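Text of the file input.cif, holding mmCIF, C-alpha atoms:
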```
data_coords
loop_
_atom_site.group_PDB
_atom_site.id
_atom_site.type_symbol
_atom_site.label_atom_id
_atom_site.label_comp_id
_atom_site.auth_asym_id
_atom_site.auth_seq_id
_atom_site.Cartn_x
_atom_site.Cartn_y
_atom_site.Cartn_z
ATOM 1 C CA MET A 1 47.338 -12.143 19.228
ATOM 2 C CA THR A 2 47.263 -10.059 16.084
ATOM 3 C CA ARG A 3 44.010 -9.215 14.492
ATOM 4 C CA ALA A 4 43.422 -7.948 10.984
ATOM 5 C CA LYS A 5 42.638 -4.271 10.953
ATOM 6 C CA PRO A 6 38.912 -3.771 10.334
ATOM 7 C CA GLU A 7 38.094 -2.659 6.806
ATOM 8 C CA PRO A 8 36.992 0.931 6.354
ATOM 9 C CA MET A 9 33.181 1.146 6.289
ATOM 10 C CA GLN A 10 33.264 2.653 2.815
ATOM 11 C CA VAL A 11 34.927 -0.476 1.417
ATOM 12 C CA VAL A 12 32.326 -2.741 3.001
ATOM 13 C CA LYS A 13 29.520 -0.524 1.678
ATOM 14 C CA GLN A 14 30.941 -0.527 -1.824
ATOM 15 C CA ARG A 15 31.237 -4.300 -1.776
ATOM 16 C CA ARG A 16 27.652 -4.714 -0.598
ATOM 17 C CA ASP A 17 26.329 -2.337 -3.232
ATOM 18 C CA ALA A 18 28.397 -4.092 -5.911
ATOM 19 C CA ALA A 19 26.929 -7.452 -4.865
ATOM 20 C CA LEU A 20 23.385 -6.094 -5.161
ATOM 21 C CA ARG A 21 24.155 -4.500 -8.530
ATOM 22 C CA ALA A 22 25.685 -7.728 -9.861
ATOM 23 C CA LEU A 23 22.580 -9.632 -8.792
ATOM 24 C CA VAL A 24 20.106 -7.236 -10.379
ATOM 25 C CA SER A 25 21.881 -6.124 -13.551
ATOM 26 C CA GLY A 26 22.012 -9.654 -14.937
ATOM 27 C CA VAL A 27 18.231 -9.992 -15.180
ATOM 28 C CA PRO A 28 16.733 -8.472 -18.370
ATOM 29 C CA TYR A 29 13.162 -8.511 -17.007
ATOM 30 C CA ILE A 30 14.125 -6.288 -14.042
ATOM 31 C CA ARG A 31 15.479 -3.759 -16.550
ATOM 32 C CA PHE A 32 12.371 -4.082 -18.723
ATOM 33 C CA LEU A 33 10.105 -3.119 -15.815
ATOM 34 C CA GLY A 34 12.618 -0.476 -14.655
ATOM 35 C CA ILE A 35 12.782 -1.756 -11.059
ATOM 36 C CA GLU A 36 15.491 -0.180 -8.894
ATOM 37 C CA PHE A 37 16.877 -1.367 -5.550
ATOM 38 C CA ASP A 38 18.036 0.696 -2.642
ATOM 39 C CA ARG A 39 20.028 -0.762 0.243
ATOM 40 C CA ARG A 40 20.264 0.522 3.823
ATOM 41 C CA GLY A 41 22.217 -1.959 5.908
ATOM 42 C CA ASP A 42 20.587 -5.294 5.245
ATOM 43 C CA GLU A 43 17.231 -3.793 4.266
ATOM 44 C CA ILE A 44 16.379 -3.641 0.586
ATOM 45 C CA THR A 45 13.616 -1.465 -0.840
ATOM 46 C CA ALA A 46 12.522 -1.969 -4.423
ATOM 47 C CA THR A 47 11.121 0.945 -6.435
ATOM 48 C CA LEU A 48 8.990 0.659 -9.547
ATOM 49 C CA PRO A 49 9.165 4.102 -11.178
ATOM 50 C CA PHE A 50 5.940 4.894 -13.013
ATOM 51 C CA ASP A 51 5.929 4.361 -16.753
ATOM 52 C CA GLU A 52 3.119 4.436 -19.315
ATOM 53 C CA LYS A 53 3.807 0.845 -20.386
ATOM 54 C CA LEU A 54 2.934 -0.426 -16.872
ATOM 55 C CA ILE A 55 -0.717 0.632 -17.227
ATOM 56 C CA GLY A 56 -3.343 -2.111 -17.252
ATOM 57 C CA ASN A 57 -6.494 -0.020 -17.181
ATOM 58 C CA PRO A 58 -6.210 3.109 -19.321
ATOM 59 C CA MET A 59 -9.669 4.347 -18.200
ATOM 60 C CA LEU A 60 -8.931 4.693 -14.464
ATOM 61 C CA PRO A 61 -5.880 4.716 -15.072
ATOM 62 C CA ALA A 62 -4.309 1.952 -12.952
ATOM 63 C CA LEU A 63 -1.181 -0.203 -12.947
ATOM 64 C CA HIS A 64 -1.574 -3.631 -14.560
ATOM 65 C CA GLY A 65 -2.251 -6.388 -12.006
ATOM 66 C CA GLY A 66 0.384 -8.491 -13.747
ATOM 67 C CA VAL A 67 2.937 -5.693 -13.316
ATOM 68 C CA THR A 68 2.192 -5.605 -9.598
ATOM 69 C CA ALA A 69 2.556 -9.397 -9.376
ATOM 70 C CA ALA A 70 5.840 -9.221 -11.274
ATOM 71 C CA PHE A 71 7.155 -6.363 -9.120
ATOM 72 C CA LEU A 72 6.409 -8.340 -5.939
ATOM 73 C CA GLU A 73 7.921 -11.553 -7.306
ATOM 74 C CA VAL A 74 11.101 -9.784 -8.424
ATOM 75 C CA THR A 75 11.414 -8.148 -4.996
ATOM 76 C CA ALA A 76 10.986 -11.515 -3.231
ATOM 77 C CA ILE A 77 13.634 -13.209 -5.402
ATOM 78 C CA VAL A 78 16.157 -10.385 -4.997
ATOM 79 C CA GLU A 79 15.692 -10.299 -1.206
ATOM 80 C CA LEU A 80 16.104 -14.072 -0.998
ATOM 81 C CA SER A 81 19.183 -14.175 -3.261
ATOM 82 C CA TRP A 82 20.737 -11.202 -1.571
ATOM 83 C CA ALA A 83 20.968 -12.956 1.803
ATOM 84 C CA THR A 84 22.808 -15.934 0.278
ATOM 85 C CA LEU A 85 24.970 -13.878 -2.047
ATOM 86 C CA TRP A 86 26.057 -11.562 0.727
ATOM 87 C CA GLU A 87 27.361 -14.478 2.761
ATOM 88 C CA ASP A 88 29.258 -15.873 -0.230
ATOM 89 C CA VAL A 89 30.851 -12.500 -0.955
ATOM 90 C CA GLU A 90 31.932 -11.935 2.653
ATOM 91 C CA THR A 91 33.461 -15.403 3.022
ATOM 92 C CA GLY A 92 35.278 -14.945 -0.294
ATOM 93 C CA ARG A 93 33.466 -17.820 -2.037
ATOM 94 C CA ILE A 94 32.459 -15.313 -4.686
ATOM 95 C CA ASP A 95 34.923 -12.691 -5.881
ATOM 96 C CA LEU A 96 33.062 -9.769 -7.401
ATOM 97 C CA SER A 97 36.296 -8.117 -8.523
ATOM 98 C CA ALA A 98 36.913 -11.050 -10.895
ATOM 99 C CA PRO A 99 36.396 -10.077 -14.562
ATOM 100 C CA GLU A 100 33.303 -12.290 -14.795
ATOM 101 C CA PRO A 101 32.218 -13.286 -11.304
ATOM 102 C CA VAL A 102 30.209 -16.499 -11.128
ATOM 103 C CA LEU A 103 27.004 -15.655 -9.270
ATOM 104 C CA PRO A 104 24.882 -18.335 -7.650
ATOM 105 C CA ARG A 105 21.776 -19.433 -9.535
ATOM 106 C CA LEU A 106 18.559 -17.649 -8.621
ATOM 107 C CA PRO A 107 15.845 -19.325 -6.522
ATOM 108 C CA LYS A 108 12.970 -20.779 -8.543
ATOM 109 C CA THR A 109 9.386 -19.798 -7.782
ATOM 110 C CA ILE A 110 7.222 -22.754 -6.752
ATOM 111 C CA ASP A 111 4.062 -20.729 -6.219
ATOM 112 C CA PHE A 112 3.139 -17.111 -5.738
ATOM 113 C CA THR A 113 -0.126 -15.640 -4.402
ATOM 114 C CA VAL A 114 -0.923 -11.964 -4.747
ATOM 115 C CA ASP A 115 -3.607 -10.061 -2.812
ATOM 116 C CA TYR A 116 -4.739 -6.903 -4.542
ATOM 117 C CA LEU A 117 -5.805 -4.503 -1.815
ATOM 118 C CA ARG A 118 -6.242 -1.262 -3.764
ATOM 119 C CA SER A 119 -5.848 -0.318 -7.376
ATOM 120 C CA GLY A 120 -2.283 0.691 -8.264
ATOM 121 C CA LEU A 121 -2.215 4.414 -9.005
ATOM 122 C CA PRO A 122 -0.234 5.787 -11.949
ATOM 123 C CA ARG A 123 2.762 6.751 -9.824
ATOM 124 C CA ASP A 124 5.878 5.134 -8.281
ATOM 125 C CA ALA A 125 5.443 2.016 -6.147
ATOM 126 C CA TYR A 126 7.679 0.569 -3.447
ATOM 127 C CA ALA A 127 8.101 -2.940 -2.039
ATOM 128 C CA ARG A 128 9.936 -4.745 0.714
ATOM 129 C CA ALA A 129 10.193 -8.486 1.246
ATOM 130 C CA ARG A 130 10.657 -10.507 4.417
ATOM 131 C CA VAL A 131 12.098 -14.014 4.316
ATOM 132 C CA ASN A 132 9.983 -15.868 6.875
ATOM 133 C CA ARG A 133 11.713 -19.168 6.446
ATOM 134 C CA SER A 134 14.762 -20.094 4.437
ATOM 135 C CA GLY A 135 15.833 -23.698 4.590
ATOM 136 C CA ARG A 136 18.408 -25.527 2.540
ATOM 137 C CA ARG A 137 15.839 -26.363 -0.142
ATOM 138 C CA TYR A 138 12.675 -24.339 0.399
ATOM 139 C CA ALA A 139 11.969 -20.772 1.382
ATOM 140 C CA SER A 140 8.824 -18.808 2.196
ATOM 141 C CA VAL A 141 8.793 -15.068 1.519
ATOM 142 C CA HIS A 142 6.225 -12.351 2.207
ATOM 143 C CA VAL A 143 6.228 -9.092 0.235
ATOM 144 C CA GLU A 144 4.406 -5.811 0.795
ATOM 145 C CA ALA A 145 3.923 -3.004 -1.710
ATOM 146 C CA TRP A 146 2.714 0.535 -1.220
ATOM 147 C CA GLN A 147 2.652 3.874 -3.008
ATOM 148 C CA ASP A 148 2.230 7.092 -1.036
ATOM 149 C CA ASN A 149 1.724 5.722 2.413
ATOM 150 C CA ARG A 150 3.737 2.851 3.897
ATOM 151 C CA THR A 151 0.813 1.737 6.071
ATOM 152 C CA ARG A 152 -1.709 1.662 3.198
ATOM 153 C CA LEU A 153 -0.525 -1.361 1.230
ATOM 154 C CA TYR A 154 -1.860 -1.625 -2.318
ATOM 155 C CA ALA A 155 -0.766 -5.261 -2.669
ATOM 156 C CA GLN A 156 0.872 -8.053 -0.725
ATOM 157 C CA ALA A 157 2.066 -11.509 -1.689
ATOM 158 C CA THR A 158 3.409 -14.763 -0.315
ATOM 159 C CA GLY A 159 5.584 -17.072 -2.342
ATOM 160 C CA HIS A 160 7.439 -20.335 -1.971
ATOM 161 C CA PHE A 161 10.787 -20.826 -3.608
ATOM 162 C CA LEU A 162 13.180 -23.639 -4.400
ATOM 163 C CA MET A 163 16.680 -22.626 -3.329
ATOM 164 C CA PRO A 164 19.549 -23.116 -5.790
ATOM 165 C CA GLU A 165 21.925 -25.956 -4.928
ATOM 166 C CA ARG A 166 25.015 -24.731 -3.155
ATOM 167 C CA PRO A 167 28.005 -27.022 -3.541
ATOM 168 C CA HIS A 168 29.668 -25.875 -0.302
ATOM 169 C CA GLY A 169 26.368 -25.151 1.507
ATOM 170 C CA MET B 1 -15.547 -5.809 -47.771
ATOM 171 C CA ALA B 2 -16.671 -9.202 -46.567
ATOM 172 C CA GLN B 3 -19.371 -9.163 -43.935
ATOM 173 C CA MET B 4 -18.040 -10.186 -40.527
ATOM 174 C CA SER B 5 -20.030 -12.694 -38.533
ATOM 175 C CA GLU B 6 -21.231 -11.608 -35.111
ATOM 176 C CA ASP B 7 -18.543 -13.764 -33.432
ATOM 177 C CA GLU B 8 -15.797 -12.276 -35.582
ATOM 178 C CA GLU B 9 -17.018 -8.795 -34.747
ATOM 179 C CA LYS B 10 -16.979 -9.585 -31.022
ATOM 180 C CA LEU B 11 -13.449 -11.001 -31.306
ATOM 181 C CA ALA B 12 -12.251 -7.951 -33.236
ATOM 182 C CA LEU B 13 -13.768 -5.623 -30.628
ATOM 183 C CA ALA B 14 -12.251 -7.563 -27.709
ATOM 184 C CA ARG B 15 -8.895 -7.648 -29.509
ATOM 185 C CA ARG B 16 -8.903 -3.854 -29.854
ATOM 186 C CA PHE B 17 -9.794 -3.593 -26.158
ATOM 187 C CA ILE B 18 -6.911 -5.871 -25.046
ATOM 188 C CA GLU B 19 -4.458 -4.244 -27.421
ATOM 189 C CA ALA B 20 -5.376 -0.803 -26.066
ATOM 190 C CA ILE B 21 -3.941 -1.821 -22.685
ATOM 191 C CA PRO B 22 -0.421 -0.362 -22.625
ATOM 192 C CA HIS B 23 1.137 -3.261 -20.694
ATOM 193 C CA SER B 24 -0.503 -5.904 -22.880
ATOM 194 C CA ARG B 25 0.882 -4.070 -25.895
ATOM 195 C CA ALA B 26 4.356 -3.909 -24.296
ATOM 196 C CA LEU B 27 4.285 -7.702 -23.946
ATOM 197 C CA ALA B 28 2.823 -8.124 -27.486
ATOM 198 C CA MET B 29 -0.169 -10.104 -26.182
ATOM 199 C CA HIS B 30 -2.539 -11.469 -28.805
ATOM 200 C CA LEU B 31 -6.147 -12.456 -28.173
ATOM 201 C CA GLU B 32 -6.756 -15.824 -29.853
ATOM 202 C CA ALA B 33 -10.316 -16.550 -28.744
ATOM 203 C CA ILE B 34 -12.927 -15.209 -26.344
ATOM 204 C CA GLY B 35 -16.539 -15.829 -25.310
ATOM 205 C CA GLY B 36 -18.822 -17.403 -22.729
ATOM 206 C CA GLY B 37 -16.453 -16.856 -19.799
ATOM 207 C CA HIS B 38 -13.428 -18.303 -21.623
ATOM 208 C CA ALA B 39 -10.416 -16.525 -23.079
ATOM 209 C CA VAL B 40 -7.201 -17.569 -24.844
ATOM 210 C CA ILE B 41 -4.319 -15.074 -25.048
ATOM 211 C CA SER B 42 -0.780 -15.737 -26.281
ATOM 212 C CA MET B 43 2.505 -13.883 -25.961
ATOM 213 C CA PRO B 44 5.805 -14.340 -27.847
ATOM 214 C CA TRP B 45 9.114 -15.125 -26.134
ATOM 215 C CA ASP B 46 11.117 -11.928 -25.817
ATOM 216 C CA GLU B 47 14.711 -11.409 -24.715
ATOM 217 C CA ARG B 48 13.620 -8.448 -22.533
ATOM 218 C CA LEU B 49 11.375 -10.724 -20.456
ATOM 219 C CA VAL B 50 14.092 -13.197 -19.496
ATOM 220 C CA GLY B 51 14.367 -13.856 -15.757
ATOM 221 C CA ASP B 52 17.366 -16.179 -15.763
ATOM 222 C CA PRO B 53 20.024 -15.075 -18.252
ATOM 223 C CA ARG B 54 21.849 -18.419 -17.982
ATOM 224 C CA THR B 55 18.915 -20.351 -19.383
ATOM 225 C CA GLY B 56 16.914 -17.726 -21.300
ATOM 226 C CA VAL B 57 13.783 -18.758 -19.401
ATOM 227 C CA ILE B 58 11.094 -16.055 -19.230
ATOM 228 C CA HIS B 59 10.505 -14.510 -15.778
ATOM 229 C CA GLY B 60 7.521 -15.814 -13.814
ATOM 230 C CA GLY B 61 6.289 -12.239 -13.520
ATOM 231 C CA ALA B 62 5.694 -12.003 -17.279
ATOM 232 C CA VAL B 63 3.701 -15.249 -17.144
ATOM 233 C CA SER B 64 1.684 -13.723 -14.242
ATOM 234 C CA ALA B 65 0.887 -10.666 -16.362
ATOM 235 C CA LEU B 66 -0.348 -12.899 -19.192
ATOM 236 C CA MET B 67 -2.475 -15.043 -16.848
ATOM 237 C CA ASP B 68 -3.950 -11.976 -15.125
ATOM 238 C CA THR B 69 -4.918 -10.380 -18.448
ATOM 239 C CA CYS B 70 -6.410 -13.640 -19.699
ATOM 240 C CA CYS B 71 -8.478 -14.117 -16.520
ATOM 241 C CA GLY B 72 -9.751 -10.524 -16.711
ATOM 242 C CA ALA B 73 -10.756 -11.033 -20.368
ATOM 243 C CA ALA B 74 -12.587 -14.273 -19.465
ATOM 244 C CA VAL B 75 -14.611 -12.437 -16.778
ATOM 245 C CA MET B 76 -15.548 -9.658 -19.220
ATOM 246 C CA SER B 77 -16.743 -12.227 -21.776
ATOM 247 C CA HIS B 78 -19.093 -13.955 -19.327
ATOM 248 C CA PRO B 79 -22.770 -13.991 -20.399
ATOM 249 C CA GLU B 80 -23.666 -12.075 -17.207
ATOM 250 C CA ALA B 81 -21.767 -9.179 -18.778
ATOM 251 C CA PRO B 82 -19.975 -7.481 -15.907
ATOM 252 C CA ALA B 83 -19.345 -3.771 -16.504
ATOM 253 C CA GLY B 84 -15.820 -4.150 -15.204
ATOM 254 C CA THR B 85 -13.530 -6.402 -13.207
ATOM 255 C CA ALA B 86 -10.441 -6.244 -11.017
ATOM 256 C CA THR B 87 -8.231 -8.940 -9.537
ATOM 257 C CA ILE B 88 -8.915 -9.745 -5.863
ATOM 258 C CA ASP B 89 -6.284 -12.441 -5.692
ATOM 259 C CA LEU B 90 -4.327 -14.624 -8.056
ATOM 260 C CA ARG B 91 -2.282 -17.677 -7.175
ATOM 261 C CA ILE B 92 0.154 -19.077 -9.700
ATOM 262 C CA ASP B 93 1.826 -22.483 -9.491
ATOM 263 C CA TYR B 94 4.923 -22.830 -11.609
ATOM 264 C CA MET B 95 5.068 -26.418 -12.862
ATOM 265 C CA ARG B 96 8.160 -26.201 -15.051
ATOM 266 C CA ALA B 97 10.388 -23.707 -16.857
ATOM 267 C CA ALA B 98 8.927 -22.359 -20.117
ATOM 268 C CA THR B 99 11.080 -23.413 -23.076
ATOM 269 C CA PRO B 100 13.062 -20.392 -24.336
ATOM 270 C CA ARG B 101 12.018 -18.951 -27.725
ATOM 271 C CA GLN B 102 8.585 -20.558 -27.588
ATOM 272 C CA ARG B 103 5.276 -18.699 -27.561
ATOM 273 C CA ILE B 104 3.273 -18.915 -24.323
ATOM 274 C CA THR B 105 -0.495 -19.376 -24.508
ATOM 275 C CA ALA B 106 -2.813 -18.839 -21.538
ATOM 276 C CA ARG B 107 -6.343 -20.225 -21.305
ATOM 277 C CA ALA B 108 -8.697 -18.943 -18.615
ATOM 278 C CA GLU B 109 -12.168 -20.053 -17.615
ATOM 279 C CA VAL B 110 -14.766 -18.611 -15.240
ATOM 280 C CA TYR B 111 -15.942 -21.705 -13.385
ATOM 281 C CA HIS B 112 -18.325 -19.894 -11.087
ATOM 282 C CA ILE B 113 -19.739 -16.413 -10.915
ATOM 283 C CA THR B 114 -21.917 -14.753 -8.278
ATOM 284 C CA ARG B 115 -23.382 -11.246 -8.302
ATOM 285 C CA THR B 116 -20.115 -9.916 -6.930
ATOM 286 C CA VAL B 117 -17.289 -12.403 -7.482
ATOM 287 C CA ALA B 118 -15.959 -14.502 -10.370
ATOM 288 C CA PHE B 119 -13.830 -17.587 -9.678
ATOM 289 C CA LEU B 120 -11.245 -18.487 -12.296
ATOM 290 C CA ARG B 121 -8.892 -21.221 -13.353
ATOM 291 C CA ALA B 122 -6.166 -20.736 -15.926
ATOM 292 C CA THR B 123 -3.287 -22.632 -17.511
ATOM 293 C CA ALA B 124 -0.249 -21.507 -19.486
ATOM 294 C CA HIS B 125 1.467 -23.719 -22.077
ATOM 295 C CA ASP B 126 4.494 -23.181 -24.273
ATOM 296 C CA GLU B 127 4.537 -24.846 -27.707
ATOM 297 C CA GLU B 128 4.807 -28.306 -26.173
ATOM 298 C CA ALA B 129 1.519 -29.991 -25.366
ATOM 299 C CA GLY B 130 1.059 -31.831 -22.067
ATOM 300 C CA LEU B 131 2.224 -30.479 -18.737
ATOM 301 C CA PRO B 132 1.475 -26.750 -18.480
ATOM 302 C CA VAL B 133 4.225 -24.250 -17.655
ATOM 303 C CA ALA B 134 1.975 -22.819 -14.955
ATOM 304 C CA THR B 135 -1.555 -22.987 -13.613
ATOM 305 C CA ALA B 136 -3.481 -20.285 -11.776
ATOM 306 C CA THR B 137 -6.580 -19.820 -9.687
ATOM 307 C CA GLY B 138 -8.046 -16.441 -8.915
ATOM 308 C CA ALA B 139 -10.971 -14.432 -7.617
ATOM 309 C CA PHE B 140 -12.062 -11.331 -9.534
ATOM 310 C CA THR B 141 -14.578 -8.609 -8.740
ATOM 311 C CA VAL B 142 -17.780 -8.352 -10.781
ATOM 312 C CA GLU B 143 -18.734 -4.737 -11.301
ATOM 313 C CA ARG B 144 -22.347 -4.190 -12.228
ATOM 314 C CA PRO B 145 -23.473 -1.551 -14.719
ATOM 315 C CA LYS B 146 -24.611 1.652 -12.984
ATOM 316 C CA GLY B 147 -28.300 1.806 -12.243
ATOM 317 C CA GLU B 148 -28.775 -1.953 -12.229
ATOM 318 C CA ALA B 149 -31.149 -3.117 -9.474
ATOM 319 C CA LYS B 150 -29.347 -4.558 -6.501
#
```

Translate the structure of the given file into structure tokens.
Amino acid sequence: MTRAKPEPMQVVKQRRDAALRALVSGVPYIRFLGIEFDRRGDEITATLPFDEKLIGNPMLPALHGGVTAAFLEVTAIVELSWATLWEDVETGRIDLSAPEPVLPRLPKTIDFTVDYLRSGLPRDAYARARVNRSGRRYASVHVEAWQDNRTRLYAQATGHFLMPERPHG
Amino acid sequence: MAQMSEDEEKLALARRFIEAIPHSRALAMHLEAIGGGHAVISMPWDERLVGDPRTGVIHGGAVSALMDTCCGAAVMSHPEAPAGTATIDLRIDYMRAATPRQRITARAEVYHITRTVAFLRATAHDEEAGLPVATATGAFTVERPKGEAK
């Protein structure tokens, strides 16, 4: 039995990073907020670098509650899409080397609830999402955000999402 | 210069307050009305706020920011005059996609307030009347002026 030679790790890594980039770069609002994504294996960490325009209370000063909500929602959507996209890229359903690769549609938010635990300080924030349930149609995602200390969350959120239709799902 | 009525003066003051918030300014939010625990704030459609480039629909996060600001403004305008407020939690239900290139208007109302907590309801509409784009419910802190008897 002949087996295809395994791909060099670097090639796999590049393909994974390209998939994440393709997903994120197409969304103007992610650019507007300046959110960046960092991948280690299958774990994605979102970073919201501090910027003056993210301030909601100039007296304290503190990050705008709406910015925090948006940061968490973006992180949840990217985490959720990433899992599906990754599968499509690996099975060859989506070819990212095509001149204009056709990416799957993004999940739609049904509802999103944010808990504000501490005021957001005027510095970088980080977030990670966990998909607790992902069915064919609905998904439930939990997101946590922190600043200096991973164990001192400044906000957390739970959201429900409608998954995009997948023709070959 | 024409004399401003007391209501107009209050609106002008609140408008300056909202517009001094960097993120509200970045989203070009405009205070339409405020008073008695109610607030109306609108925001124009903007290409930079798009969440789905295929449809041009604004990202839910931008609608959250508008709703959060509007709820905070409603708390501040309550007759019990809190000295400050912060969001405890905010839940948003997305009813339908906002129509691209249309202005979004949020309306928030304090439906109950205690010494420490304000409970809010809010809706967001685009330029089409009827079904809102989103609705929200939230709890906000009520900060009392320093020195006030407990």

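Closest approach to His59 in chain B among B:Leu90, B:Val117, B:Val40, B:Ala98 is made by B:Ala98 (distances from all atoms listed in the file).
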
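Rounded to one decimal, CA of His23 in chain B and CA of His38 in chain B lie 21.0 Å from each other.
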
Using only C-alpha atoms, determine which residues of chain A fall within 7 Å of chain B; present them as an MDAnalysis selection string.
chainID A and resid 26:29 32 52:58 64:67 69:70 73 109:116

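Near Ile34 in chain B, within 7 Å and counting only C-alpha atoms, sit Leu11, Val40, Ala74 and Ser77 of chain B; same-chain residues fewer than 6 positions away were not included.
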
Evaluated on this file, the PyMOL selection byres ((chain A and resi 139-149) around 8) picks out some residues - which ones are they, written as a ChimeraX atom specification?
/A:72,75-76,80,120-121,123-135,137-138,150-163

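Compared by their closest atoms to Thr55 in chain B, and using only C-alpha atoms, the residues B:Ala81, B:Arg15, B:Met43, B:Pro100 rank with B:Pro100 nearest.
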
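Distance-wise, CA of Val57 in chain B and CA of Thr47 in chain A end up 23.7 Å apart.
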
Check what the PyMOL selection byres ((chain B and resi 121-131) around 6) selects in the file above and give those residues as JSON, numbers by chain.
{"B": [102, 103, 104, 105, 106, 107, 108, 109, 120, 132, 133, 134, 135, 136, 137]}

Counting all atoms listed in the file, find the residues whose atoms lie at most 12 Å from (22.3, -12.7, -2.2) (file coordinates) and write them out as JSON, numbers by chain.
{"A": [16, 17, 18, 19, 20, 21, 22, 23, 24, 42, 44, 76, 77, 78, 79, 80, 81, 82, 83, 84, 85, 86, 87, 88, 89, 90, 94, 103, 104, 105, 106, 107, 163, 164]}

Resulting file, chosen residues, C-alpha atoms, as a compact mmCIF listing (two decimals), keeping the file's coordinate frame:
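Full text of selection.txt as output:
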```txt
# COMPACT_ATOMS: atom_id res chain seq x y z
CA ARG A 16 27.65 -4.71 -0.60
CA ASP A 17 26.33 -2.34 -3.23
CA ALA A 18 28.40 -4.09 -5.91
CA ALA A 19 26.93 -7.45 -4.86
CA LEU A 20 23.38 -6.09 -5.16
CA ARG A 21 24.16 -4.50 -8.53
CA ALA A 22 25.68 -7.73 -9.86
CA LEU A 23 22.58 -9.63 -8.79
CA VAL A 24 20.11 -7.24 -10.38
CA ASP A 42 20.59 -5.29 5.24
CA ILE A 44 16.38 -3.64 0.59
CA ALA A 76 10.99 -11.52 -3.23
CA ILE A 77 13.63 -13.21 -5.40
CA VAL A 78 16.16 -10.38 -5.00
CA GLU A 79 15.69 -10.30 -1.21
CA LEU A 80 16.10 -14.07 -1.00
CA SER A 81 19.18 -14.18 -3.26
CA TRP A 82 20.74 -11.20 -1.57
CA ALA A 83 20.97 -12.96 1.80
CA THR A 84 22.81 -15.93 0.28
CA LEU A 85 24.97 -13.88 -2.05
CA TRP A 86 26.06 -11.56 0.73
CA GLU A 87 27.36 -14.48 2.76
CA ASP A 88 29.26 -15.87 -0.23
CA VAL A 89 30.85 -12.50 -0.96
CA GLU A 90 31.93 -11.94 2.65
CA ILE A 94 32.46 -15.31 -4.69
CA LEU A 103 27.00 -15.66 -9.27
CA PRO A 104 24.88 -18.34 -7.65
CA ARG A 105 21.78 -19.43 -9.54
CA LEU A 106 18.56 -17.65 -8.62
CA PRO A 107 15.84 -19.32 -6.52
CA MET A 163 16.68 -22.63 -3.33
CA PRO A 164 19.55 -23.12 -5.79
```

The PyMOL selection byres ((chain B and resi 10) around 12) applied to the shown file, residues as a ChimeraX atom specification:
/B:4-9,11-17,31,33-36,76-77

Give the centre and edge lengths of an axis-aligned box, in Å to one decimal, that holds all listed atoms of range 147-150 of chain A with 3 Å on each side, as AutoDock Vina command-line options.
```
--center_x 2.7 --center_y 5.0 --center_z 0.4 --size_x 8.0 --size_y 10.2 --size_z 12.9
```

Generate a file for range 2-36 of chain B, containing C-alpha atoms, as a PDB file, in the first residue's frame.
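And here's decode.pdb as it stands now:
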```
ATOM      1  CA  ALA B   2     -32.540  83.383  20.575  1.00  0.00           C
ATOM      2  CA  GLN B   3     -33.174  82.258  24.118  1.00  0.00           C
ATOM      3  CA  MET B   4     -33.061  78.475  24.443  1.00  0.00           C
ATOM      4  CA  SER B   5     -35.819  76.785  26.385  1.00  0.00           C
ATOM      5  CA  GLU B   6     -34.793  74.707  29.377  1.00  0.00           C
ATOM      6  CA  ASP B   7     -35.432  71.478  27.414  1.00  0.00           C
ATOM      7  CA  GLU B   8     -33.324  72.662  24.493  1.00  0.00           C
ATOM      8  CA  GLU B   9     -30.525  73.569  26.871  1.00  0.00           C
ATOM      9  CA  LYS B  10     -30.664  70.121  28.480  1.00  0.00           C
ATOM     10  CA  LEU B  11     -30.595  68.458  25.048  1.00  0.00           C
ATOM     11  CA  ALA B  12     -27.650  70.592  23.939  1.00  0.00           C
ATOM     12  CA  LEU B  13     -25.745  69.737  27.128  1.00  0.00           C
ATOM     13  CA  ALA B  14     -26.464  66.000  26.805  1.00  0.00           C
ATOM     14  CA  ARG B  15     -25.487  66.131  23.125  1.00  0.00           C
ATOM     15  CA  ARG B  16     -22.104  67.647  24.002  1.00  0.00           C
ATOM     16  CA  PHE B  17     -21.661  64.943  26.651  1.00  0.00           C
ATOM     17  CA  ILE B  18     -22.420  62.078  24.210  1.00  0.00           C
ATOM     18  CA  GLU B  19     -20.335  63.620  21.457  1.00  0.00           C
ATOM     19  CA  ALA B  20     -17.375  63.945  23.834  1.00  0.00           C
ATOM     20  CA  ILE B  21     -17.220  60.144  24.061  1.00  0.00           C
ATOM     21  CA  PRO B  22     -14.499  59.115  21.600  1.00  0.00           C
ATOM     22  CA  HIS B  23     -16.220  55.896  20.487  1.00  0.00           C
ATOM     23  CA  SER B  24     -19.593  57.587  20.016  1.00  0.00           C
ATOM     24  CA  ARG B  25     -17.839  60.179  17.878  1.00  0.00           C
ATOM     25  CA  ALA B  26     -16.080  57.440  15.865  1.00  0.00           C
ATOM     26  CA  LEU B  27     -19.492  55.953  15.055  1.00  0.00           C
ATOM     27  CA  ALA B  28     -20.986  59.438  14.374  1.00  0.00           C
ATOM     28  CA  MET B  29     -23.766  58.919  16.939  1.00  0.00           C
ATOM     29  CA  HIS B  30     -26.334  61.693  17.202  1.00  0.00           C
ATOM     30  CA  LEU B  31     -28.558  62.319  20.211  1.00  0.00           C
ATOM     31  CA  GLU B  32     -32.104  62.920  18.947  1.00  0.00           C
ATOM     32  CA  ALA B  33     -34.000  63.203  22.226  1.00  0.00           C
ATOM     33  CA  ILE B  34     -33.454  62.659  25.939  1.00  0.00           C
ATOM     34  CA  GLY B  35     -35.286  63.060  29.252  1.00  0.00           C
ATOM     35  CA  GLY B  36     -37.225  61.290  31.984  1.00  0.00           C
TER      36      GLY B  36
END
```
